[in-house]
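**Student:** Input structure: data_8.cif, which contains mmCIF, C-alpha atoms.
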```cif
data_final
loop_
_atom_site.label_atom_id
_atom_site.label_comp_id
_atom_site.auth_asym_id
_atom_site.auth_seq_id
_atom_site.Cartn_x
_atom_site.Cartn_y
_atom_site.Cartn_z
CA MET A 1 105.38 45.62 -103.10
CA ILE A 2 102.85 48.37 -102.39
CA HIS A 3 102.73 49.33 -106.07
CA GLN A 4 102.22 45.68 -107.07
CA LEU A 5 99.45 45.26 -104.51
CA GLU A 6 97.72 48.44 -105.65
CA GLU A 7 97.95 47.36 -109.28
CA ALA A 8 96.39 43.96 -108.59
CA THR A 9 93.73 45.50 -106.33
CA ALA A 10 92.78 48.12 -108.92
CA TYR A 11 92.40 45.46 -111.61
CA LEU A 12 90.16 43.32 -109.39
CA ARG A 13 88.07 46.28 -108.26
CA HIS A 14 87.42 47.03 -111.91
CA LYS A 15 86.21 43.42 -112.27
CA GLY A 16 83.78 43.84 -109.36
CA PHE A 17 85.82 42.23 -106.56
CA GLY A 18 85.73 45.27 -104.28
CA GLU A 19 84.03 45.35 -100.88
CA ALA A 20 83.86 41.58 -100.41
CA GLU A 21 83.28 40.50 -96.82
CA VAL A 22 84.97 37.08 -96.67
CA GLY A 23 88.04 35.56 -98.28
CA ILE A 24 88.51 31.80 -98.57
CA VAL A 25 91.59 29.75 -99.48
CA LEU A 26 90.67 26.28 -100.78
CA GLY A 27 93.37 23.68 -100.23
CA THR A 28 94.35 20.45 -101.97
CA GLY A 29 91.28 18.50 -103.09
CA LEU A 30 88.95 21.09 -101.56
CA SER A 31 86.98 23.09 -104.10
CA LYS A 32 83.29 22.19 -103.69
CA PHE A 33 82.71 25.35 -101.67
CA ILE A 34 82.29 27.06 -105.04
CA ASP A 35 79.02 25.07 -105.36
CA ASN A 36 77.72 27.02 -102.33
CA MET A 37 78.34 30.32 -104.09
CA GLU A 38 76.30 32.25 -106.61
CA VAL A 39 79.30 32.82 -108.85
CA MET A 40 79.61 36.31 -110.32
CA GLU A 41 83.12 36.26 -111.80
CA THR A 42 86.02 33.83 -112.25
CA ILE A 43 89.48 35.07 -113.20
CA PRO A 44 92.55 32.87 -113.85
CA TYR A 45 95.50 33.89 -111.70
CA HIS A 46 97.68 34.55 -114.74
CA LYS A 47 95.38 37.40 -115.82
CA ILE A 48 95.72 39.26 -112.50
CA PRO A 49 98.65 41.71 -112.40
CA ASN A 50 101.56 40.47 -110.25
CA PHE A 51 99.74 37.28 -109.13
CA PRO A 52 101.79 34.07 -109.00
CA VAL A 53 100.57 31.21 -111.18
CA ALA A 54 99.70 27.88 -109.53
CA THR A 55 101.93 25.01 -110.67
CA MET A 56 100.29 22.20 -108.70
CA GLU A 57 98.09 19.87 -110.76
CA PHE A 58 95.60 19.72 -107.86
CA HIS A 59 95.32 23.53 -107.64
CA SER A 60 93.43 25.02 -110.57
CA GLY A 61 94.48 28.65 -110.10
CA HIS A 62 91.36 30.82 -110.23
CA LEU A 63 90.06 33.70 -108.15
CA VAL A 64 86.29 33.36 -107.81
CA LEU A 65 83.86 36.09 -106.79
CA GLY A 66 80.37 35.21 -105.63
CA VAL A 67 77.69 35.42 -102.98
CA CYS A 68 77.27 32.88 -100.18
CA GLU A 69 74.62 33.25 -97.48
CA GLY A 70 73.99 36.82 -98.58
CA LYS A 71 77.65 37.86 -98.28
CA LYS A 72 80.10 38.74 -101.00
CA VAL A 73 82.93 36.19 -100.99
CA ILE A 74 86.28 35.91 -102.76
CA ALA A 75 87.54 32.32 -103.04
CA MET A 76 91.05 31.27 -104.00
CA LYS A 77 90.64 28.04 -105.96
CA GLY A 78 94.23 26.93 -105.60
CA ARG A 79 97.02 28.31 -103.41
CA PHE A 80 100.79 28.66 -103.60
CA HIS A 81 103.46 26.74 -101.68
CA TYR A 82 107.05 27.41 -100.68
CA TYR A 83 108.16 24.10 -102.22
CA GLU A 84 107.00 25.31 -105.66
CA GLY A 85 109.84 27.82 -105.59
CA TYR A 86 107.81 30.90 -104.69
CA SER A 87 109.01 33.41 -102.15
CA MET A 88 106.95 33.88 -99.02
CA GLY A 89 105.96 37.30 -100.35
CA GLU A 90 104.53 35.70 -103.49
CA ILE A 91 102.73 32.98 -101.52
CA THR A 92 100.95 35.54 -99.35
CA PHE A 93 100.43 38.21 -102.01
CA PRO A 94 96.78 37.17 -102.62
CA ILE A 95 95.97 37.45 -98.91
CA ARG A 96 97.16 41.04 -98.85
CA VAL A 97 95.19 41.78 -102.02
CA MET A 98 91.98 40.34 -100.57
CA LYS A 99 92.44 42.44 -97.43
CA MET A 100 92.93 45.56 -99.56
CA LEU A 101 89.75 44.64 -101.45
CA GLY A 102 87.88 44.86 -98.15
CA ILE A 103 87.48 41.36 -96.71
CA LYS A 104 86.80 41.32 -92.96
CA ASN A 105 87.42 37.61 -92.29
CA LEU A 106 89.65 34.94 -93.83
CA LEU A 107 88.87 31.20 -93.92
CA LEU A 108 91.52 28.66 -94.91
CA SER A 109 91.48 24.93 -95.56
CA ASN A 110 94.18 22.35 -96.15
CA ALA A 111 94.93 18.66 -96.37
CA ALA A 112 97.11 17.44 -93.50
CA GLY A 113 98.73 14.32 -92.15
CA GLY A 114 97.38 13.18 -88.79
CA ILE A 115 100.05 12.78 -86.12
CA ASN A 116 97.62 12.58 -83.21
CA LYS A 117 96.63 8.91 -83.15
CA ASN A 118 93.04 9.89 -82.36
CA PHE A 119 92.80 11.52 -85.80
CA LYS A 120 91.57 9.33 -88.65
CA LYS A 121 91.34 9.78 -92.42
CA GLY A 122 88.53 12.15 -93.32
CA ASP A 123 88.39 13.91 -89.94
CA LEU A 124 87.86 17.66 -89.90
CA VAL A 125 90.19 19.40 -87.45
CA VAL A 126 90.00 23.10 -86.70
CA ILE A 127 93.43 24.61 -86.06
CA ASP A 128 93.61 26.40 -82.73
CA ASP A 129 97.38 26.97 -82.81
CA HIS A 130 100.36 26.19 -85.01
CA ILE A 131 104.09 25.48 -85.03
CA ASN A 132 105.97 27.18 -87.85
CA LEU A 133 108.84 24.99 -89.04
CA GLN A 134 109.21 26.59 -92.44
CA THR A 135 112.60 28.13 -93.06
CA ALA A 136 111.37 31.50 -94.38
CA ASN A 137 108.91 34.07 -93.09
CA PRO A 138 106.66 36.36 -95.17
CA LEU A 139 107.49 39.30 -92.90
CA THR A 140 111.26 39.11 -93.44
CA GLY A 141 112.74 42.34 -94.78
CA PRO A 142 111.81 46.00 -94.31
CA ASN A 143 108.42 46.33 -92.64
CA LEU A 144 105.68 48.11 -94.57
CA ALA A 145 103.96 50.03 -91.79
CA VAL A 146 100.94 50.70 -93.98
CA LEU A 147 100.26 46.94 -93.91
CA GLY A 148 101.00 46.21 -90.26
CA PRO A 149 103.44 46.46 -87.33
CA ARG A 150 107.06 45.31 -87.33
CA PHE A 151 106.45 42.74 -84.56
CA PRO A 152 102.87 41.42 -84.85
CA ASP A 153 101.48 39.52 -81.87
CA MET A 154 100.78 35.81 -82.45
CA SER A 155 99.46 34.80 -79.02
CA ALA A 156 96.08 33.96 -80.58
CA PRO A 157 96.61 33.67 -84.35
CA TYR A 158 93.18 32.15 -84.98
CA SER A 159 90.02 34.11 -84.27
CA LYS A 160 88.48 33.02 -80.97
CA PHE A 161 85.12 34.32 -82.14
CA MET A 162 85.17 32.24 -85.32
CA LEU A 163 86.46 29.17 -83.46
CA LYS A 164 83.46 29.41 -81.15
CA GLU A 165 80.99 29.99 -83.99
CA LEU A 166 82.41 27.14 -86.07
CA ALA A 167 82.01 24.75 -83.14
CA ALA A 168 78.37 25.85 -82.82
CA CYS A 169 77.80 25.30 -86.55
CA ALA A 170 79.31 21.81 -86.33
CA LEU A 171 77.02 20.98 -83.41
CA VAL A 172 73.95 22.03 -85.41
CA GLN A 173 75.10 19.92 -88.37
CA LYS A 174 75.92 16.99 -86.04
CA LEU A 175 79.52 16.93 -87.22
CA LEU A 176 82.43 15.72 -85.14
CA LEU A 177 84.82 18.67 -85.39
CA LYS A 178 88.14 17.98 -83.72
CA LYS A 179 90.71 20.56 -82.62
CA GLY A 180 94.49 20.52 -82.87
CA VAL A 181 97.89 22.09 -83.44
CA TYR A 182 99.15 22.27 -87.02
CA ALA A 183 102.86 22.07 -87.86
CA SER A 184 103.89 23.70 -91.13
CA VAL A 185 106.94 22.31 -92.94
CA ASN A 186 108.66 23.14 -96.22
CA GLY A 187 107.93 19.95 -98.16
CA PRO A 188 107.53 18.69 -100.79
CA ASN A 189 108.68 15.33 -99.43
CA LEU A 190 106.61 13.69 -96.74
CA GLU A 191 108.15 12.97 -93.34
CA THR A 192 110.30 10.12 -92.07
CA ARG A 193 109.24 8.02 -89.10
CA ALA A 194 111.68 9.89 -86.87
CA GLU A 195 110.32 13.23 -88.07
CA TYR A 196 106.76 12.20 -87.26
CA ARG A 197 107.90 11.19 -83.76
CA TYR A 198 109.65 14.54 -83.37
CA LEU A 199 106.56 16.47 -84.47
CA GLY A 200 104.44 14.59 -81.96
CA ILE A 201 106.93 15.26 -79.17
CA ILE A 202 106.93 19.03 -79.79
CA GLY A 203 103.15 19.18 -79.68
CA ALA A 204 101.89 18.87 -83.25
CA ASP A 205 98.64 17.04 -83.92
CA MET A 206 98.94 17.30 -87.70
CA VAL A 207 101.41 18.39 -90.35
CA GLY A 208 101.18 20.12 -93.71
CA MET A 209 103.00 22.39 -96.13
CA SER A 210 100.82 25.50 -96.25
CA THR A 211 98.49 27.82 -94.31
CA VAL A 212 100.89 29.24 -91.71
CA PRO A 213 102.49 31.89 -93.99
CA GLU A 214 98.98 33.06 -94.90
CA VAL A 215 97.98 33.17 -91.23
CA ILE A 216 101.10 35.18 -90.33
CA VAL A 217 100.29 37.78 -92.99
CA ALA A 218 96.62 37.88 -91.94
CA ASN A 219 97.67 38.61 -88.35
CA HIS A 220 100.15 41.22 -89.57
CA MET A 221 97.26 43.00 -91.33
CA GLN A 222 94.92 42.45 -88.35
CA LEU A 223 92.66 40.25 -90.47
CA PRO A 224 90.75 37.66 -88.34
CA CYS A 225 91.27 34.17 -89.69
CA LEU A 226 90.28 30.55 -89.13
CA ALA A 227 91.67 27.35 -90.63
CA VAL A 228 90.43 23.77 -90.90
CA SER A 229 92.46 20.71 -91.88
CA VAL A 230 91.13 17.56 -93.51
CA ILE A 231 93.13 14.60 -92.24
CA THR A 232 94.12 12.70 -95.37
CA ASP A 233 96.63 10.20 -94.01
CA GLU A 234 97.54 8.72 -90.64
CA CYS A 235 101.16 9.28 -89.66
CA ASP A 236 101.82 6.64 -87.02
CA PRO A 237 105.60 6.12 -87.14
CA ASP A 238 105.26 2.58 -85.76
CA ASN A 239 102.86 1.57 -88.54
CA LEU A 240 103.88 3.84 -91.38
CA LYS A 241 102.96 2.92 -94.93
CA PRO A 242 103.98 4.59 -98.20
CA VAL A 243 101.62 7.43 -99.09
CA ASN A 244 99.97 7.79 -102.49
CA ILE A 245 99.28 11.45 -103.34
CA GLU A 246 96.25 10.51 -105.43
CA GLU A 247 94.79 8.77 -102.37
CA ILE A 248 95.38 11.91 -100.27
CA VAL A 249 93.46 13.99 -102.82
CA ALA A 250 90.68 11.38 -102.92
CA VAL A 251 90.27 11.50 -99.12
CA ALA A 252 90.15 15.32 -99.23
CA ASN A 253 87.52 15.13 -101.98
CA LYS A 254 85.32 12.90 -99.82
CA SER A 255 85.32 15.45 -96.98
CA ASP A 256 85.10 18.46 -99.28
CA GLY A 257 81.31 18.73 -99.32
CA THR A 258 81.04 18.46 -95.54
CA LEU A 259 83.67 21.15 -94.94
CA SER A 260 82.08 23.38 -97.59
CA LYS A 261 78.68 23.24 -95.87
CA LEU A 262 80.35 23.99 -92.55
CA PHE A 263 82.10 27.05 -93.99
CA ALA A 264 78.84 28.25 -95.55
CA ALA A 265 77.10 28.00 -92.17
CA LEU A 266 79.92 29.97 -90.54
CA ILE A 267 79.76 32.69 -93.19
CA LYS A 268 76.08 33.14 -92.38
CA LYS A 269 76.99 33.90 -88.74
CA ILE A 270 80.05 36.13 -89.08
#
```
Could you show the structure in this file as structure tokens?

**Tutor:**
Amino acid sequence: MIHQLEEATAYLRHKGFGEAEVGIVLGTGLSKFIDNMEVMETIPYHKIPNFPVATMEFHSGHLVLGVCEGKKVIAMKGRFHYYEGYSMGEITFPIRVMKMLGIKNLLLSNAAGGINKNFKKGDLVVIDDHINLQTANPLTGPNLAVLGPRFPDMSAPYSKFMLKELAACALVQKLLLKKGVYASVNGPNLETRAEYRYLGIIGADMVGMSTVPEVIVANHMQLPCLAVSVITDECDPDNLKPVNIEEIVAVANKSDGTLSKLFAALIKKI
């Protein structure tokens, strides 16, 4: 893996991606952050050595370099998921590459189903903890000490500093930013009524199919991270209706601009 990481990193450094300060992962239906950047370079994933190639129609698959609020930013326009058939190592490969390119902070976004009945479609919810229910882990196998420790601590997987600063940014922008626990599942099917009840019982406020592997790797590499979910559907098991994926993407699109402005304000402060 080290050789593959070094090869991808060398290629991107040659393209000007070195010494970026912030990395961003843009989730399903969330790409307007690029409008907040002065774009310097855009490279399709398939041109980057050893990078996976996005297969999801809602994930375009480009690595974008630009400047936002005076800081050099690398944005992943499209991410990878376990349900696509990728290994956890492949899913998190770009996070390791961005860290090796020099990023100091990682921001992530996703679309999630709202289990907490106080969460409504379009709500922005910052993740302050998570429950990992995926059946594989990106740290399985021999540990690469050059990347991080064998047993990384996860008592506070999301940066307390960035959580505080994001709340302050939301207050300035007069946004209602909620807070919750994110459960990560394999997918790609959505949950049954009984599964939604179970997730609520064990403490999940929302559920999705991404983010946690990336957060685990970020913590392994001692890379501070923060994640925000857009609630795209309400998962009340007693009033559950069939979900249309196009509707989920449409809801994410409606909140995209608001979340993008919030991330831009945070970048200015970190």

**Student:** Go through region 32-124 of chain A and flag each residue having an atom no more than 10 Å from region 249-268 of chain A; for those, report the closest pair of atoms plus their distance in Å to one decimal, using only C-alpha atoms, ordered by chain and rising number, as a Markdown table.

**Tutor:**
```
| residue | atom | partner | partner_atom | distance |
| --- | --- | --- | --- | --- |
| A:Lys32 | CA | A:Gly257 | CA | 5.9 |
| A:Phe33 | CA | A:Ser260 | CA | 4.6 |
| A:Ile34 | CA | A:Ser260 | CA | 8.3 |
| A:Asp35 | CA | A:Ser260 | CA | 8.5 |
| A:Asn36 | CA | A:Ala264 | CA | 7.0 |
| A:Met37 | CA | A:Ala264 | CA | 8.8 |
| A:Phe58 | CA | A:Val249 | CA | 7.9 |
| A:Cys68 | CA | A:Ala264 | CA | 6.7 |
| A:Glu69 | CA | A:Lys268 | CA | 5.3 |
| A:Gly70 | CA | A:Lys268 | CA | 7.5 |
| A:Lys71 | CA | A:Ile267 | CA | 7.6 |
| A:Lys72 | CA | A:Ile267 | CA | 9.9 |
| A:Val73 | CA | A:Ile267 | CA | 9.1 |
| A:Asn105 | CA | A:Ile267 | CA | 9.1 |
| A:Leu107 | CA | A:Phe263 | CA | 7.9 |
| A:Leu108 | CA | A:Phe263 | CA | 9.6 |
| A:Ser109 | CA | A:Leu259 | CA | 8.7 |
| A:Asn110 | CA | A:Ala252 | CA | 8.7 |
| A:Ala111 | CA | A:Ala252 | CA | 6.5 |
| A:Ala112 | CA | A:Ala252 | CA | 9.3 |
| A:Lys121 | CA | A:Val251 | CA | 7.0 |
| A:Gly122 | CA | A:Ser255 | CA | 5.9 |
| A:Asp123 | CA | A:Ser255 | CA | 7.8 |
| A:Leu124 | CA | A:Leu259 | CA | 7.4 |
```

**Student:** Which residues of region 49-121 of chain A have any atom within 12 Å of an atom in region 160-180 of chain A when counting only C-alpha atoms, and what is the closest pair of atoms for each, with the distance in Å to one decimal? Order the rows by chain and rising number and write it as a Markdown table.

**Tutor:**
```
| residue | atom | partner | partner_atom | distance |
| --- | --- | --- | --- | --- |
| A:Lys104 | CA | A:Met162 | CA | 12.0 |
| A:Asn105 | CA | A:Met162 | CA | 9.1 |
| A:Leu106 | CA | A:Met162 | CA | 10.0 |
| A:Leu107 | CA | A:Met162 | CA | 9.4 |
| A:Ala112 | CA | A:Gly180 | CA | 11.4 |
| A:Gly113 | CA | A:Gly180 | CA | 11.9 |
| A:Gly114 | CA | A:Gly180 | CA | 9.9 |
| A:Ile115 | CA | A:Gly180 | CA | 10.1 |
| A:Asn116 | CA | A:Gly180 | CA | 8.5 |
| A:Lys117 | CA | A:Gly180 | CA | 11.8 |
| A:Asn118 | CA | A:Lys178 | CA | 9.6 |
| A:Phe119 | CA | A:Lys178 | CA | 8.2 |
| A:Lys120 | CA | A:Lys178 | CA | 10.5 |
```

**Student:** So what does the PyMOL selection byres ((chain A and resi 53) around 12) actually pick up in this one, as a ChimeraX atom specification?

**Tutor:** /A:43-52,54-57,59-63,76-81,84-86,90-91,93-94

**Student:** Selection from above, C-alpha atoms, as a short mmCIF file (atom, residue, chain, number, x, y, z; two decimals), in the frame of the given file, can you write it?

**Tutor:**
```cif
data_model
loop_
_atom_site.label_atom_id
_atom_site.label_comp_id
_atom_site.auth_asym_id
_atom_site.auth_seq_id
_atom_site.Cartn_x
_atom_site.Cartn_y
_atom_site.Cartn_z
CA ILE A 43 89.48 35.07 -113.20
CA PRO A 44 92.55 32.87 -113.85
CA TYR A 45 95.50 33.89 -111.70
CA HIS A 46 97.68 34.55 -114.74
CA LYS A 47 95.38 37.40 -115.82
CA ILE A 48 95.72 39.26 -112.50
CA PRO A 49 98.65 41.71 -112.40
CA ASN A 50 101.56 40.47 -110.25
CA PHE A 51 99.74 37.28 -109.13
CA PRO A 52 101.79 34.07 -109.00
CA ALA A 54 99.70 27.88 -109.53
CA THR A 55 101.93 25.01 -110.67
CA MET A 56 100.29 22.20 -108.70
CA GLU A 57 98.09 19.87 -110.76
CA HIS A 59 95.32 23.53 -107.64
CA SER A 60 93.43 25.02 -110.57
CA GLY A 61 94.48 28.65 -110.10
CA HIS A 62 91.36 30.82 -110.23
CA LEU A 63 90.06 33.70 -108.15
CA MET A 76 91.05 31.27 -104.00
CA LYS A 77 90.64 28.04 -105.96
CA GLY A 78 94.23 26.93 -105.60
CA ARG A 79 97.02 28.31 -103.41
CA PHE A 80 100.79 28.66 -103.60
CA HIS A 81 103.46 26.74 -101.68
CA GLU A 84 107.00 25.31 -105.66
CA GLY A 85 109.84 27.82 -105.59
CA TYR A 86 107.81 30.90 -104.69
CA GLU A 90 104.53 35.70 -103.49
CA ILE A 91 102.73 32.98 -101.52
CA PHE A 93 100.43 38.21 -102.01
CA PRO A 94 96.78 37.17 -102.62
#
```

**Student:** If the PyMOL selection byres ((chain A and resi 6) around 12) were run on this exact file, what residues would it hold? Put them as number ranges by chain.

**Tutor:** A: 1-5, 7-13, 48-51, 93-94, 96-101

**Student:** Kindly save the residues from that selection, with C-alpha atoms included, as a short mmCIF file (atom, residue, chain, number, x, y, z; two decimals), in the coordinates of the input.

**Tutor:**
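Output file out_33.cif follows:
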```cif
data_model
loop_
_atom_site.label_atom_id
_atom_site.label_comp_id
_atom_site.auth_asym_id
_atom_site.auth_seq_id
_atom_site.Cartn_x
_atom_site.Cartn_y
_atom_site.Cartn_z
CA MET A 1 105.38 45.62 -103.10
CA ILE A 2 102.85 48.37 -102.39
CA HIS A 3 102.73 49.33 -106.07
CA GLN A 4 102.22 45.68 -107.07
CA LEU A 5 99.45 45.26 -104.51
CA GLU A 7 97.95 47.36 -109.28
CA ALA A 8 96.39 43.96 -108.59
CA THR A 9 93.73 45.50 -106.33
CA ALA A 10 92.78 48.12 -108.92
CA TYR A 11 92.40 45.46 -111.61
CA LEU A 12 90.16 43.32 -109.39
CA ARG A 13 88.07 46.28 -108.26
CA ILE A 48 95.72 39.26 -112.50
CA PRO A 49 98.65 41.71 -112.40
CA ASN A 50 101.56 40.47 -110.25
CA PHE A 51 99.74 37.28 -109.13
CA PHE A 93 100.43 38.21 -102.01
CA PRO A 94 96.78 37.17 -102.62
CA ARG A 96 97.16 41.04 -98.85
CA VAL A 97 95.19 41.78 -102.02
CA MET A 98 91.98 40.34 -100.57
CA LYS A 99 92.44 42.44 -97.43
CA MET A 100 92.93 45.56 -99.56
CA LEU A 101 89.75 44.64 -101.45
#
```

**Student:** So what do you get for CA of Leu133 (chain A) versus CA of Phe151 (chain A), distance-wise?

**Tutor:** 18.5 Å

**Student:** Report the distance between CA of Ile270 (chain A) and CA of Leu144 (chain A) in Å, rounded to one decimal place.

**Tutor:** 28.8 Å

**Student:** Write out as a list in words which residues come within 10 Å of Asn189 (chain A) when counting all atoms listed in the file, dropping same-chain ones fewer than 3 positions away.

**Tutor:**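 The filter keeps Tyr83, Val185, Asn186, Thr192 and Met209 of chain A.
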
**Student:** Just checking: using only C-alpha atoms, which residue out of A:Ile95, A:Ile216, A:Ala227, A:Val64 ends up closest to Asp153 (chain A)?

**Tutor:**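 Once distances to Asp153 (chain A) are computed over only C-alpha atoms, the minimum belongs to A:Ile216.
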
**Student:** The PyMOL selection byres ((chain A and resi 221) around 10) on the file shown: which residues, as a CSV table (one decimal) with C-alpha atoms, in the frame of the given file?

**Tutor:**
```
chain,number,residue,atom,x,y,z
A,95,ILE,CA,96.0,37.4,-98.9
A,96,ARG,CA,97.2,41.0,-98.8
A,99,LYS,CA,92.4,42.4,-97.4
A,100,MET,CA,92.9,45.6,-99.6
A,145,ALA,CA,104.0,50.0,-91.8
A,146,VAL,CA,100.9,50.7,-94.0
A,147,LEU,CA,100.3,46.9,-93.9
A,148,GLY,CA,101.0,46.2,-90.3
A,149,PRO,CA,103.4,46.5,-87.3
A,152,PRO,CA,102.9,41.4,-84.8
A,215,VAL,CA,98.0,33.2,-91.2
A,216,ILE,CA,101.1,35.2,-90.3
A,217,VAL,CA,100.3,37.8,-93.0
A,218,ALA,CA,96.6,37.9,-91.9
A,219,ASN,CA,97.7,38.6,-88.4
A,220,HIS,CA,100.2,41.2,-89.6
A,222,GLN,CA,94.9,42.4,-88.4
A,223,LEU,CA,92.7,40.2,-90.5
A,224,PRO,CA,90.8,37.7,-88.3
```

**Student:** Could you tell me how far CA of Ala156 (chain A) lies from CA of His130 (chain A), in Å and to one decimal?

**Tutor:**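 Computing the Euclidean distance for CA of Ala156 (chain A) and CA of His130 (chain A) yields 9.9 Å.
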
**Student:** Name the closest residue to Thr28 (chain A) among the candidates A:Pro138, A:Gly89, A:Gly16, A:Gly208; distances are taken between atoms, counting only C-alpha atoms.

**Tutor:**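 Checking each of A:Pro138, A:Gly89, A:Gly16, A:Gly208 against Thr28 (chain A), counting only C-alpha atoms, the winner is A:Gly208.
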
**Student:** Do a neighbour search on Pro157 (chain A) at 7 Å with all atoms listed in the file, toss out local chain neighbours closer than 2 positions, and write the hits as an mmCIF file with C-alpha atoms, in the coordinates of the input.

**Tutor:**
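Listing of result_12.cif after writing:
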```
data_model
loop_
_atom_site.group_PDB
_atom_site.id
_atom_site.type_symbol
_atom_site.label_atom_id
_atom_site.label_comp_id
_atom_site.auth_asym_id
_atom_site.auth_seq_id
_atom_site.Cartn_x
_atom_site.Cartn_y
_atom_site.Cartn_z
ATOM 1 C CA ASP A 129 97.380 26.970 -82.810
ATOM 2 C CA MET A 154 100.780 35.810 -82.450
ATOM 3 C CA SER A 155 99.460 34.800 -79.020
ATOM 4 C CA SER A 159 90.020 34.110 -84.270
ATOM 5 C CA ASN A 219 97.670 38.610 -88.350
#
```
